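Chemist: This is model30.cif, which holds mmCIF, C-alpha atoms:
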```
data_final
loop_
_atom_site.label_atom_id
_atom_site.label_comp_id
_atom_site.auth_asym_id
_atom_site.auth_seq_id
_atom_site.Cartn_x
_atom_site.Cartn_y
_atom_site.Cartn_z
CA MET A 1 1.31 26.97 6.76
CA GLU A 2 -0.24 26.06 3.40
CA ALA A 3 -0.29 22.52 2.05
CA LYS A 4 2.21 22.00 -0.73
CA THR A 5 0.46 21.71 -4.09
CA ASN A 6 0.85 18.47 -5.99
CA GLY A 7 2.79 18.90 -9.19
CA THR A 8 2.64 15.44 -10.75
CA ASN A 9 -1.04 14.58 -11.00
CA PRO A 10 -3.46 17.33 -12.09
CA HIS A 11 -6.39 15.43 -10.55
CA LEU A 12 -4.91 15.80 -7.04
CA THR A 13 -4.89 18.87 -4.83
CA ILE A 14 -2.33 17.36 -2.42
CA GLY A 15 0.14 14.73 -3.65
CA VAL A 16 1.38 11.51 -2.04
CA ASN A 17 4.61 12.97 -0.65
CA ASP A 18 3.28 16.46 0.06
CA HIS A 19 3.21 17.71 3.64
CA ILE A 20 0.17 19.39 5.16
CA PRO A 21 -0.52 21.08 8.52
CA THR A 22 -1.05 18.69 11.43
CA GLY A 23 -4.55 19.97 12.22
CA GLN A 24 -5.66 19.51 8.63
CA ALA A 25 -4.13 16.02 8.52
CA ILE A 26 -6.02 15.04 11.69
CA LEU A 27 -9.34 16.18 10.21
CA LEU A 28 -8.73 14.53 6.83
CA GLY A 29 -7.53 11.33 8.51
CA LEU A 30 -10.79 11.20 10.48
CA GLN A 31 -12.88 11.27 7.32
CA HIS A 32 -11.05 8.17 6.03
CA VAL A 33 -11.75 6.44 9.35
CA LEU A 34 -15.45 7.37 9.17
CA ALA A 35 -15.89 6.36 5.53
CA MET A 36 -14.07 3.01 5.90
CA ASP A 37 -16.81 1.64 8.20
CA VAL A 38 -14.23 -0.66 9.83
CA TYR A 39 -16.53 -1.92 12.58
CA VAL A 40 -18.87 -3.66 10.08
CA VAL A 41 -16.76 -6.85 9.71
CA PRO A 42 -16.36 -7.54 13.46
CA PHE A 43 -20.03 -6.66 13.96
CA ILE A 44 -21.09 -9.23 11.32
CA ILE A 45 -18.85 -11.91 12.87
CA ALA A 46 -19.98 -11.15 16.44
CA ALA A 47 -23.65 -11.36 15.44
CA ALA A 48 -23.16 -14.58 13.42
CA VAL A 49 -21.46 -16.46 16.27
CA SER A 50 -23.66 -14.98 19.04
CA MET A 51 -20.93 -13.19 20.98
CA SER A 52 -21.92 -11.43 24.19
CA PRO A 53 -22.04 -7.59 24.08
CA GLY A 54 -18.74 -7.43 25.97
CA GLU A 55 -17.03 -9.87 23.60
CA ALA A 56 -18.41 -8.03 20.57
CA SER A 57 -17.20 -4.67 21.90
CA GLY A 58 -13.75 -6.15 22.59
CA LEU A 59 -13.55 -7.55 19.05
CA ILE A 60 -14.48 -4.18 17.53
CA GLN A 61 -11.85 -2.40 19.63
CA SER A 62 -9.22 -5.02 18.73
CA THR A 63 -10.12 -4.49 15.06
CA PHE A 64 -9.49 -0.75 15.37
CA LEU A 65 -6.13 -1.39 17.06
CA GLY A 66 -5.06 -3.99 14.48
CA ALA A 67 -6.09 -1.69 11.62
CA GLY A 68 -4.15 1.25 13.08
CA ILE A 69 -0.89 -0.59 13.67
CA ALA A 70 -1.08 -2.44 10.32
CA SER A 71 -1.73 0.86 8.49
CA LEU A 72 1.32 2.50 10.06
CA ILE A 73 3.44 -0.51 9.06
CA GLN A 74 2.35 -0.25 5.41
CA VAL A 75 2.40 3.54 4.98
CA LEU A 76 5.71 4.21 6.75
CA PHE A 77 7.84 1.12 6.18
CA PHE A 78 6.68 -1.23 3.42
CA LEU A 79 4.17 -0.31 0.67
CA LYS A 80 4.64 3.44 1.28
CA LEU A 81 1.43 4.34 -0.57
CA PRO A 82 -1.63 6.15 0.86
CA VAL A 83 -3.59 3.04 1.87
CA CYS A 84 -5.18 2.21 5.22
CA GLN A 85 -5.54 -1.37 6.41
CA GLY A 86 -8.85 -2.65 7.68
CA PRO A 87 -10.60 -5.96 8.35
CA SER A 88 -11.20 -7.82 5.09
CA PHE A 89 -14.64 -9.02 4.03
CA VAL A 90 -13.04 -11.92 2.09
CA PRO A 91 -12.51 -14.34 5.02
CA VAL A 92 -15.74 -13.53 6.95
CA GLY A 93 -17.54 -16.74 5.93
CA ALA A 94 -14.49 -18.88 6.66
CA ILE A 95 -13.95 -17.20 10.04
CA ILE A 96 -17.54 -17.88 11.11
CA GLY A 97 -17.20 -21.53 10.06
CA ILE A 98 -13.86 -21.96 11.85
CA TYR A 99 -15.21 -20.25 15.00
CA LEU A 100 -18.28 -22.49 15.20
CA GLY A 101 -16.42 -25.67 14.17
CA GLY A 102 -13.35 -25.20 16.37
CA ASN A 103 -12.40 -23.66 19.68
CA GLY A 104 -13.94 -20.24 19.04
CA MET A 105 -11.67 -17.23 18.57
CA SER A 106 -8.64 -19.24 19.68
CA THR A 107 -8.88 -21.39 16.53
CA VAL A 108 -9.59 -18.36 14.32
CA LEU A 109 -6.59 -16.46 15.67
CA GLY A 110 -4.30 -19.52 15.56
CA SER A 111 -5.04 -20.17 11.88
CA SER A 112 -4.77 -16.42 11.11
CA LEU A 113 -1.37 -16.29 12.79
CA VAL A 114 0.03 -19.18 10.75
CA GLY A 115 -1.45 -17.77 7.51
CA ALA A 116 0.11 -14.37 8.23
CA LEU A 117 3.52 -15.99 8.73
CA ALA A 118 3.09 -17.84 5.41
CA ILE A 119 2.45 -14.70 3.35
CA THR A 120 5.25 -12.83 5.13
CA ILE A 121 7.65 -15.57 4.02
CA LEU A 122 6.14 -15.37 0.52
CA GLY A 123 7.02 -11.68 0.43
CA TYR A 124 10.56 -12.16 1.73
CA THR A 125 11.33 -14.84 -0.86
CA GLY A 126 10.35 -12.47 -3.69
CA ILE A 127 7.98 -15.03 -5.19
CA TYR A 128 4.89 -12.84 -5.11
CA LYS A 129 6.21 -10.21 -7.50
CA GLN A 130 6.76 -13.03 -10.00
CA ILE A 131 3.17 -14.16 -9.44
CA VAL A 132 1.91 -10.62 -10.11
CA ARG A 133 4.03 -10.26 -13.24
CA HIS A 134 2.79 -13.53 -14.75
CA PHE A 135 -0.74 -13.86 -13.35
CA ILE A 136 -2.02 -10.33 -12.56
CA PRO A 137 -1.43 -8.05 -15.57
CA THR A 138 -3.31 -4.78 -16.06
CA ILE A 139 -6.42 -6.42 -17.53
CA VAL A 140 -6.75 -8.67 -14.47
CA SER A 141 -5.95 -6.06 -11.80
CA GLY A 142 -8.40 -3.58 -13.37
CA THR A 143 -11.11 -6.26 -13.45
CA ILE A 144 -10.51 -7.11 -9.77
CA ILE A 145 -10.84 -3.42 -8.83
CA MET A 146 -14.14 -3.21 -10.72
CA ILE A 147 -15.36 -6.35 -8.96
CA VAL A 148 -14.46 -4.94 -5.52
CA GLY A 149 -16.55 -1.80 -6.16
CA LEU A 150 -19.42 -3.80 -7.66
CA THR A 151 -19.63 -6.40 -4.88
CA LEU A 152 -19.57 -3.79 -2.10
CA LEU A 153 -22.62 -1.96 -3.53
CA PRO A 154 -25.25 -4.51 -2.37
CA SER A 155 -23.77 -4.33 1.14
CA ALA A 156 -24.07 -0.54 1.05
CA PHE A 157 -27.72 -0.69 -0.05
CA ASN A 158 -28.97 -3.69 1.94
CA GLY A 159 -26.93 -3.12 5.08
CA ASN A 160 -27.09 0.68 5.28
CA ILE A 161 -29.90 2.15 3.18
CA PHE A 162 -32.75 -0.31 2.54
CA ILE A 163 -33.29 -0.90 6.24
CA GLU A 164 -35.65 0.11 9.05
CA THR A 165 -34.38 1.05 12.49
CA ALA A 166 -36.11 1.74 15.78
CA THR A 167 -36.15 5.46 14.96
CA LEU A 168 -36.14 5.72 11.14
CA SER A 169 -38.38 4.12 8.51
CA MET A 170 -36.94 2.71 5.29
CA ASN A 171 -38.24 5.72 3.34
CA GLN A 172 -36.49 8.06 5.77
CA ASN A 173 -33.25 6.09 5.48
CA ILE A 174 -33.41 6.22 1.67
CA LEU A 175 -34.04 9.99 1.79
CA LEU A 176 -31.18 10.44 4.26
CA ALA A 177 -28.78 8.47 2.04
CA VAL A 178 -29.80 10.46 -1.06
CA ILE A 179 -29.29 13.78 0.75
CA THR A 180 -25.89 12.71 2.12
CA ALA A 181 -24.71 11.48 -1.30
CA ALA A 182 -25.93 14.72 -2.93
CA ILE A 183 -24.05 16.83 -0.35
CA LEU A 184 -20.89 14.80 -0.96
CA ILE A 185 -21.10 15.28 -4.74
CA LEU A 186 -21.99 18.99 -4.38
CA PHE A 187 -19.00 19.85 -2.19
CA SER A 188 -16.65 17.67 -4.22
CA MET A 189 -17.69 19.43 -7.44
CA LEU A 190 -17.34 22.88 -5.84
CA GLY A 191 -13.64 22.10 -5.60
CA VAL A 192 -13.57 21.22 -9.30
CA TYR A 193 -15.39 24.31 -10.60
CA PHE A 194 -13.94 26.81 -8.11
CA PRO A 195 -10.36 25.59 -7.49
CA ARG A 196 -9.43 28.39 -5.09
CA LEU A 197 -12.62 28.95 -3.12
CA GLY A 198 -13.82 25.37 -3.32
CA LYS A 199 -10.57 23.52 -2.58
CA ILE A 200 -11.33 23.19 1.13
CA PHE A 201 -14.83 21.90 0.28
CA ARG A 202 -13.46 19.18 -2.01
CA ILE A 203 -10.79 18.16 0.49
CA SER A 204 -13.34 17.85 3.32
CA SER A 205 -16.35 16.75 1.23
CA VAL A 206 -16.67 13.33 2.90
CA ILE A 207 -16.63 14.60 6.48
CA ILE A 208 -18.90 17.54 5.57
CA ALA A 209 -21.42 15.10 4.09
CA LEU A 210 -21.25 12.88 7.19
CA ILE A 211 -21.70 15.83 9.58
CA ILE A 212 -24.59 17.43 7.68
CA GLY A 213 -26.20 14.02 7.14
CA SER A 214 -25.97 13.29 10.88
CA ILE A 215 -27.49 16.69 11.74
CA ILE A 216 -30.40 16.05 9.38
CA ALA A 217 -30.79 12.58 10.88
CA SER A 218 -30.98 14.10 14.37
CA PHE A 219 -33.87 16.34 13.25
CA MET A 220 -35.58 13.18 11.97
CA GLY A 221 -35.05 11.60 15.38
CA GLY A 222 -32.50 9.14 14.03
CA MET A 223 -29.48 9.91 16.22
CA ASP A 224 -29.26 7.73 19.33
CA PHE A 225 -26.58 8.69 21.85
CA THR A 226 -27.54 6.00 24.40
CA SER A 227 -24.54 3.83 23.54
CA VAL A 228 -22.26 6.88 23.89
CA SER A 229 -23.53 7.71 27.38
CA GLU A 230 -23.27 4.08 28.48
CA ALA A 231 -19.78 3.47 27.05
CA SER A 232 -16.72 3.66 29.30
CA PHE A 233 -14.41 6.53 28.48
CA PHE A 234 -11.38 4.22 28.55
CA SER A 235 -11.42 0.45 27.96
CA LEU A 236 -9.04 -2.21 26.68
CA PRO A 237 -9.49 -4.34 23.55
CA ASN A 238 -9.52 -8.14 23.83
CA PHE A 239 -5.91 -9.22 23.25
CA ALA A 240 -5.30 -12.70 21.81
CA PHE A 241 -2.47 -13.57 24.18
CA ILE A 242 -4.51 -12.45 27.23
CA ASP A 243 -8.18 -13.10 26.51
CA TYR A 244 -8.18 -15.98 23.99
CA GLY A 245 -4.94 -17.86 23.47
CA PHE A 246 -4.13 -19.73 20.25
CA ASP A 247 -5.48 -23.06 19.04
CA PHE A 248 -3.87 -24.63 15.95
CA ASP A 249 -6.15 -26.83 13.83
CA LEU A 250 -4.72 -28.20 10.56
CA SER A 251 -7.92 -27.90 8.49
CA ALA A 252 -8.51 -24.36 9.76
CA ILE A 253 -4.91 -23.41 8.96
CA ALA A 254 -5.17 -24.87 5.43
CA THR A 255 -8.41 -22.96 4.81
CA MET A 256 -6.94 -19.70 6.08
CA ILE A 257 -3.81 -20.01 3.93
CA VAL A 258 -6.00 -20.36 0.81
CA ILE A 259 -8.05 -17.36 1.99
CA TYR A 260 -4.85 -15.32 2.48
CA MET A 261 -3.73 -16.06 -1.09
CA VAL A 262 -7.05 -14.76 -2.40
CA LEU A 263 -6.75 -11.81 -0.02
CA LEU A 264 -3.46 -10.89 -1.68
CA ALA A 265 -5.14 -10.80 -5.09
CA GLU A 266 -7.77 -8.43 -3.67
CA THR A 267 -5.26 -6.17 -1.96
CA THR A 268 -3.07 -6.07 -5.09
CA GLY A 269 -6.10 -4.76 -6.96
CA THR A 270 -6.47 -2.08 -4.26
CA TRP A 271 -2.82 -1.05 -4.65
CA TYR A 272 -3.31 -0.68 -8.39
CA ALA A 273 -6.46 1.37 -7.76
CA VAL A 274 -4.55 3.74 -5.47
CA SER A 275 -1.70 3.85 -7.98
CA SER A 276 -4.20 4.79 -10.69
CA VAL A 277 -5.88 7.65 -8.79
CA THR A 278 -2.60 9.07 -7.44
CA GLY A 279 -0.55 8.74 -10.62
CA GLU A 280 2.22 7.01 -8.64
CA GLU A 281 3.55 4.00 -10.55
CA ILE A 282 3.79 0.88 -8.40
CA THR A 283 6.90 -1.26 -8.96
CA ASP A 284 7.42 -5.03 -8.59
CA GLU A 285 9.66 -4.40 -5.61
CA GLN A 286 7.02 -2.19 -4.00
CA ILE A 287 4.43 -4.94 -4.43
CA ASN A 288 6.79 -7.39 -2.77
CA GLN A 289 7.33 -4.97 0.13
CA GLY A 290 3.56 -4.55 0.33
CA VAL A 291 3.13 -8.31 0.73
CA ILE A 292 5.64 -8.33 3.59
CA GLY A 293 3.80 -5.40 5.16
CA GLU A 294 0.47 -7.20 4.69
CA GLY A 295 1.93 -10.26 6.42
CA PHE A 296 3.26 -8.25 9.36
CA GLY A 297 -0.04 -6.35 9.61
CA CYS A 298 -2.07 -9.57 9.72
CA LEU A 299 0.38 -11.02 12.24
CA ILE A 300 -0.09 -8.01 14.53
CA ALA A 301 -3.86 -8.16 14.00
CA SER A 302 -3.99 -11.79 15.16
CA LEU A 303 -1.86 -10.99 18.22
CA VAL A 304 -4.19 -8.17 19.31
CA GLY A 305 -7.29 -10.32 18.76
CA ALA A 306 -8.45 -9.06 15.34
CA THR A 307 -9.25 -10.79 12.05
CA PRO A 308 -7.04 -10.50 8.90
CA VAL A 309 -6.56 -6.97 7.56
CA THR A 310 -6.12 -5.74 4.02
CA GLY A 311 -5.73 -2.51 2.08
CA TYR A 312 -9.10 -0.75 1.72
CA SER A 313 -10.15 0.23 -1.78
CA THR A 314 -12.44 2.78 -0.12
CA ASN A 315 -9.35 4.96 0.30
CA ALA A 316 -8.86 5.11 -3.47
CA GLY A 317 -12.43 6.34 -3.84
CA ILE A 318 -11.98 9.03 -1.17
CA ILE A 319 -8.68 10.17 -2.72
CA SER A 320 -10.42 10.48 -6.09
CA ILE A 321 -13.28 12.49 -4.55
CA THR A 322 -11.20 14.80 -2.33
CA GLY A 323 -7.98 15.04 -4.38
CA VAL A 324 -5.92 14.48 -1.19
CA ALA A 325 -3.33 11.68 -1.35
CA SER A 326 -0.76 12.77 1.25
CA LYS A 327 0.68 9.93 3.30
CA VAL A 328 0.60 12.26 6.32
CA VAL A 329 -3.20 12.01 6.24
CA PHE A 330 -2.98 8.21 6.35
CA VAL A 331 -0.58 8.31 9.29
CA ALA A 332 -3.17 10.50 11.05
CA ALA A 333 -5.93 7.99 10.16
CA SER A 334 -3.78 5.19 11.60
CA VAL A 335 -3.35 7.12 14.84
CA TRP A 336 -7.13 7.71 14.95
CA PHE A 337 -7.69 3.95 14.74
CA ILE A 338 -5.28 3.29 17.61
CA VAL A 339 -6.81 6.04 19.79
CA LEU A 340 -10.33 4.79 19.09
CA SER A 341 -9.38 1.26 20.15
CA PHE A 342 -8.89 2.51 23.72
CA LEU A 343 -11.53 5.28 23.92
CA GLY A 344 -14.87 3.60 24.29
CA LYS A 345 -16.93 6.81 24.13
CA LEU A 346 -15.24 8.09 21.00
CA SER A 347 -15.69 4.73 19.27
CA ALA A 348 -19.35 4.71 20.32
CA LEU A 349 -19.80 8.25 18.94
CA ILE A 350 -18.50 7.20 15.51
CA ASN A 351 -20.69 4.10 15.65
CA ALA A 352 -23.68 6.37 16.42
CA VAL A 353 -23.52 7.90 12.91
CA PRO A 354 -26.71 6.55 11.28
CA ALA A 355 -26.20 3.67 8.86
CA ALA A 356 -28.03 5.51 6.06
CA VAL A 357 -25.65 8.47 6.33
CA ILE A 358 -22.66 6.16 5.98
CA GLY A 359 -24.50 4.35 3.17
CA GLY A 360 -24.95 7.59 1.23
CA VAL A 361 -21.19 8.13 1.24
CA PHE A 362 -20.42 4.43 0.76
CA VAL A 363 -22.41 4.03 -2.47
CA VAL A 364 -20.63 6.98 -4.10
CA VAL A 365 -17.26 5.62 -3.00
CA CYS A 366 -18.12 2.14 -4.37
CA VAL A 367 -18.96 3.59 -7.79
CA ILE A 368 -15.70 5.58 -7.78
CA ILE A 369 -13.80 2.36 -6.97
CA MET A 370 -15.54 0.52 -9.82
CA LEU A 371 -14.75 3.30 -12.28
CA SER A 372 -11.14 3.37 -11.02
CA GLY A 373 -10.90 -0.22 -12.25
CA PHE A 374 -12.19 0.90 -15.63
CA ARG A 375 -9.58 3.67 -15.62
CA VAL A 376 -6.86 1.03 -15.15
CA ILE A 377 -7.96 -1.01 -18.19
CA LYS A 378 -9.26 1.76 -20.48
CA ASN A 379 -6.02 1.91 -22.50
CA GLU A 380 -6.00 -1.83 -23.12
CA GLU A 381 -6.71 -3.13 -26.65
CA PHE A 382 -10.14 -4.74 -26.32
CA SER A 383 -10.47 -7.83 -28.47
CA GLU A 384 -13.05 -10.59 -27.91
CA ARG A 385 -10.56 -12.21 -25.51
CA GLU A 386 -10.37 -9.16 -23.22
CA LEU A 387 -14.14 -8.75 -23.17
CA TYR A 388 -14.53 -12.28 -21.80
CA ILE A 389 -11.71 -11.88 -19.27
CA ILE A 390 -13.50 -8.81 -17.90
CA GLY A 391 -17.10 -9.89 -18.40
CA VAL A 392 -17.18 -13.47 -17.09
CA PRO A 393 -15.70 -12.62 -13.64
CA LEU A 394 -18.28 -9.81 -13.35
CA ILE A 395 -21.03 -12.32 -14.16
CA ILE A 396 -19.65 -14.72 -11.53
CA ALA A 397 -19.52 -11.93 -8.92
CA ILE A 398 -23.14 -10.93 -9.57
CA GLY A 399 -24.25 -14.58 -9.61
CA LEU A 400 -22.63 -15.28 -6.23
CA LEU A 401 -24.16 -12.13 -4.73
CA PHE A 402 -27.62 -13.47 -5.57
CA MET A 403 -26.95 -17.18 -4.96
CA PRO A 404 -29.67 -18.67 -2.69
CA ALA A 405 -28.40 -19.70 0.74
CA GLU A 406 -29.95 -23.17 0.40
CA LEU A 407 -27.97 -23.80 -2.81
CA LYS A 408 -24.75 -22.64 -1.18
CA GLY A 409 -25.46 -24.90 1.79
CA THR A 410 -25.34 -28.03 -0.40
CA ALA A 411 -21.65 -27.45 -1.25
CA PRO A 412 -18.77 -28.97 0.78
CA GLN A 413 -17.68 -26.78 3.71
CA PHE A 414 -14.42 -25.72 2.10
CA ILE A 415 -16.27 -24.60 -1.06
CA GLN A 416 -18.80 -22.73 1.06
CA TYR A 417 -15.96 -20.67 2.54
CA LEU A 418 -15.02 -19.55 -0.97
CA LEU A 419 -18.60 -18.99 -2.16
CA ASP A 420 -19.07 -16.56 0.72
CA SER A 421 -16.50 -14.33 -1.01
CA PRO A 422 -17.58 -13.24 -4.51
CA ILE A 423 -14.42 -11.11 -4.71
CA ALA A 424 -12.20 -14.15 -4.12
CA VAL A 425 -13.91 -16.44 -6.64
CA SER A 426 -14.19 -13.72 -9.30
CA ALA A 427 -10.54 -12.75 -8.86
CA LEU A 428 -9.47 -16.36 -9.31
CA ALA A 429 -11.70 -16.59 -12.41
CA ALA A 430 -10.07 -13.48 -13.92
CA VAL A 431 -6.59 -14.89 -13.32
CA ALA A 432 -7.55 -18.30 -14.75
CA MET A 433 -9.24 -16.91 -17.87
CA ASN A 434 -6.29 -14.66 -18.64
CA LYS A 435 -4.03 -17.71 -18.62
CA LEU A 436 -6.38 -20.19 -20.30
CA ILE A 437 -7.69 -18.09 -23.21
CA PRO A 438 -4.87 -17.89 -25.77
CA VAL A 439 -3.84 -14.56 -27.29
CA PRO A 440 -4.88 -14.41 -30.99
CA LYS A 441 -1.92 -14.82 -33.35
CA ASN A 442 -2.68 -11.55 -35.14
CA SER A 443 -2.47 -9.57 -31.86
#
```
Translate this file's structure into structure tokens.
Modeler:
Amino acid sequence: MEAKTNGTNPHLTIGVNDHIPTGQAILLGLQHVLAMDVYVVPFIIAAAVSMSPGEASGLIQSTFLGAGIASLIQVLFFLKLPVCQGPSFVPVGAIIGIYLGGNGMSTVLGSSLVGALAITILGYTGIYKQIVRHFIPTIVSGTIIMIVGLTLLPSAFNGNIFIETATLSMNQNILLAVITAAILILFSMLGVYFPRLGKIFRISSVIIALIIGSIIASFMGGMDFTSVSEASFFSLPNFAFIDYGFDFDLSAIATMIVIYMVLLAETTGTWYAVSSVTGEEITDEQINQGVIGEGFGCLIASLVGATPVTGYSTNAGIISITGVASKVVFVAASVWFIVLSFLGKLSALINAVPAAVIGGVFVVVCVIIMLSGFRVIKNEEFSERELYIIGVPLIIAIGLLFMPAELKGTAPQFIQYLLDSPIAVSALAAVAMNKLIPVPKNS
């Protein structure tokens, strides 16, 4: 059975509501799972708070489970766009501070639970769509998308490419990333220049790049299957209501509610990015439903022992590269997340993909995300006002990325939480500047 061809957006090979064969959906869903690099956030948190290997493994598995269930909720019932949910980078700094300053994961999960309930109520009241209409117009949403792509790039380079491992030197990792990125671009472009013969290459370009990159890495001696052999075939995640419990601290709850509001600005930018690359217009009502879905997803994530989840802009980049936007693929990706949360060996196998291989794909995806933001705002009339609304938040984002740790450490704790998220601060700056800078009378 052939996939139905998309008839609304010429840039897509498979549209949002098109159906594709189950086997193909499973394969394409896996490449979203691999490219999203979902385990990075729990890994960062586990390392920062000195979790034991067992606790860290449980947190990673809980993150996969939370991401899978939250993704199904959004794709099937609420937002109904091709977006997968994953752990957000925005609250990482706040989570580490709450963990160390409170009762560990119990305080983190308690504040996350209350924050999730708050944004669910915000969605049900219909207030958020009014906020979007008045505070997040096209110029702001496009700027936020550009900031997301820009701020993820240093993480891709410093955390995945410019590194040395026990088996690979930095030069080898750089070479590996360049080769993987080149393979991704090559196969993606084959689908552009040879629509019939190359369609399958474009659709599967991400997973092809990851597989070939991993094979090359193995010849370099960079594939380590020790963790795969040691992992249990079946294991349970750490559930909040079994392994942690909930601790409710007022200051932690207040901090998390502020973080959630910023998280919504980020995820709204992601929705607009997906809307832009798919050609599917997103309505006010759909945004409101998305907020409810985000709230339910974060609620489920806290119950299963995971940190807050959000829509991943990485998906927009992969859709743009592969031309595949079918929601069936994202249902398959959601199922992959859930399966991986219980299969220790399979999770370990995905985690065994060398960081530089993932980095090679990640940097291309980040650039695509950034340019998707430009695509959103390219039809705007650019006066001096618009240039500042776009430019100043970008300056702030870059400044925060390079801010010395000792300078950040002099700020009050609550401010430190925000400074740890360049996306959050820059998004707030874009919203504020759009409201504070008056529109010229001759516009």
Chemist: I need the residue set behind the PyMOL selection byres ((chain A and resi 104) around 12) for this file; please write it as a VMD selection string.
Modeler: chain A and resid 45 to 46 49 to 51 55 95 to 103 105 to 111 240 243 to 249 252 305
Chemist: Since I can't run it myself right now, could you work out what the PyMOL selection byres ((chain A and resi 438) around 12) selects here and report it as number ranges by chain?
Modeler: A: 383-386, 388-389, 432-437, 439-443
Chemist: Skip Ser320 in chain A itself and residues of its chain fewer than 2 positions away, then list as a PDB file with C-alpha atoms, in the frame of the given file all residues within 9 Å of it, counting only C-alpha atoms.
Modeler:
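As a result, part.pdb now contains:
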```pdb
ATOM      1  CA  HIS A  11      -6.390  15.430 -10.550  1.00  0.00           C
ATOM      2  CA  LEU A  12      -4.910  15.800  -7.040  1.00  0.00           C
ATOM      3  CA  VAL A 274      -4.550   3.740  -5.470  1.00  0.00           C
ATOM      4  CA  VAL A 277      -5.880   7.650  -8.790  1.00  0.00           C
ATOM      5  CA  THR A 278      -2.600   9.070  -7.440  1.00  0.00           C
ATOM      6  CA  ASN A 315      -9.350   4.960   0.300  1.00  0.00           C
ATOM      7  CA  ALA A 316      -8.860   5.110  -3.470  1.00  0.00           C
ATOM      8  CA  GLY A 317     -12.430   6.340  -3.840  1.00  0.00           C
ATOM      9  CA  ILE A 318     -11.980   9.030  -1.170  1.00  0.00           C
ATOM     10  CA  THR A 322     -11.200  14.800  -2.330  1.00  0.00           C
ATOM     11  CA  GLY A 323      -7.980  15.040  -4.380  1.00  0.00           C
ATOM     12  CA  VAL A 324      -5.920  14.480  -1.190  1.00  0.00           C
ATOM     13  CA  ALA A 325      -3.330  11.680  -1.350  1.00  0.00           C
ATOM     14  CA  VAL A 365     -17.260   5.620  -3.000  1.00  0.00           C
ATOM     15  CA  ILE A 368     -15.700   5.580  -7.780  1.00  0.00           C
ATOM     16  CA  ILE A 369     -13.800   2.360  -6.970  1.00  0.00           C
ATOM     17  CA  SER A 372     -11.140   3.370 -11.020  1.00  0.00           C
TER      18      SER A 372
END
```
Chemist: Identify which of the residues A:Val361, A:Ala355, A:Met146, A:Ile215 lies closest to Gly159 in chain A, counting only C-alpha atoms when measuring atom-to-atom distances.
Modeler: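 Among the listed residues, the smallest separation from Gly159 in chain A belongs to A:Ala355.
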Chemist: Could you pull the residues within 12 Å of Phe402 in chain A, counting only C-alpha atoms, minus those fewer than 6 positions along the same chain, as a PyMOL selection string?
Modeler: chain A and resi 151+154-155+395-396+408+419-420+422
Chemist: What lies within 10 Å of Ser141 in chain A using all atoms listed in the file, ignoring chain neighbours under 5 positions off, as a VMD selection string?
Modeler: chain A and resid 132 135 to 136 146 to 147 265 to 273 373 376 to 377 427 430 to 431
Chemist: Could you dump the residues just selected with C-alpha atoms as a compact mmCIF listing (two decimals), in the coordinates of the input?
Modeler:
```
# COMPACT_ATOMS: atom_id res chain seq x y z
CA VAL A 132 1.91 -10.62 -10.11
CA PHE A 135 -0.74 -13.86 -13.35
CA ILE A 136 -2.02 -10.33 -12.56
CA MET A 146 -14.14 -3.21 -10.72
CA ILE A 147 -15.36 -6.35 -8.96
CA ALA A 265 -5.14 -10.80 -5.09
CA GLU A 266 -7.77 -8.43 -3.67
CA THR A 267 -5.26 -6.17 -1.96
CA THR A 268 -3.07 -6.07 -5.09
CA GLY A 269 -6.10 -4.76 -6.96
CA THR A 270 -6.47 -2.08 -4.26
CA TRP A 271 -2.82 -1.05 -4.65
CA TYR A 272 -3.31 -0.68 -8.39
CA ALA A 273 -6.46 1.37 -7.76
CA GLY A 373 -10.90 -0.22 -12.25
CA VAL A 376 -6.86 1.03 -15.15
CA ILE A 377 -7.96 -1.01 -18.19
CA ALA A 427 -10.54 -12.75 -8.86
CA ALA A 430 -10.07 -13.48 -13.92
CA VAL A 431 -6.59 -14.89 -13.32
```
Chemist: So which residues get picked by the PyMOL selection byres ((chain A and resi 284-289) around 7) here, written as a ChimeraX atom specification?
Modeler: /A:78-79,123,126,128-129,282-283,290-293
Chemist: Taking only C-alpha atoms into account, which of A:Ser341, A:Val304, A:Phe362, A:Ala70 comes nearest Ser235 in chain A?
Modeler: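 Smallest separation from Ser235 in chain A among the options: A:Ser341.
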Chemist: With distances taken over all atoms listed in the file, which residue among A:Gly399, A:Gly115, A:Gly142, A:Pro82 lies nearest Phe296 in chain A?
Modeler: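 Using all atoms listed in the file, the shortest distance to Phe296 in chain A belongs to A:Gly115.
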Chemist: Check the smallest atom-to-atom distance from each of A:Gly222, A:Leu186, A:Ile253, A:Ile127 to Glu164 in chain A using only C-alpha atoms, then report the winner.
Modeler: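 Smallest separation from Glu164 in chain A among the options: A:Gly222.
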Chemist: Report, in Å with one decimal, the straight-line distance from CA of Ile185 in chain A to CA of Gly221 in chain A.
Modeler: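 These atoms are spaced 24.8 Å apart.
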Chemist: If we draw a sphere of 9 Å around (-7.9, -6.9, 0.2), which residues have at least one atom in it when counting all atoms listed in the file? Please report them as a list in words.
Modeler: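 Nearby residues: Gln85, Gly86, Pro87, Ser88, Phe89, Val90, Val148, Val262, Leu263, Leu264, Ala265, Glu266, Thr267, Thr268, Gly269, Thr270, Val309, Thr310, Gly311, Tyr312 and Ser313 of chain A.
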Chemist: For Leu28 in chain A, work out the shell of residues within 10 Å, counting all atoms listed in the file and skipping chain neighbours fewer than 5 positions away, then give it as JSON, numbers by chain.
Modeler: {"A": [22, 23, 33, 203, 204, 205, 206, 207, 322, 324, 326, 328, 329, 330, 332, 333]}
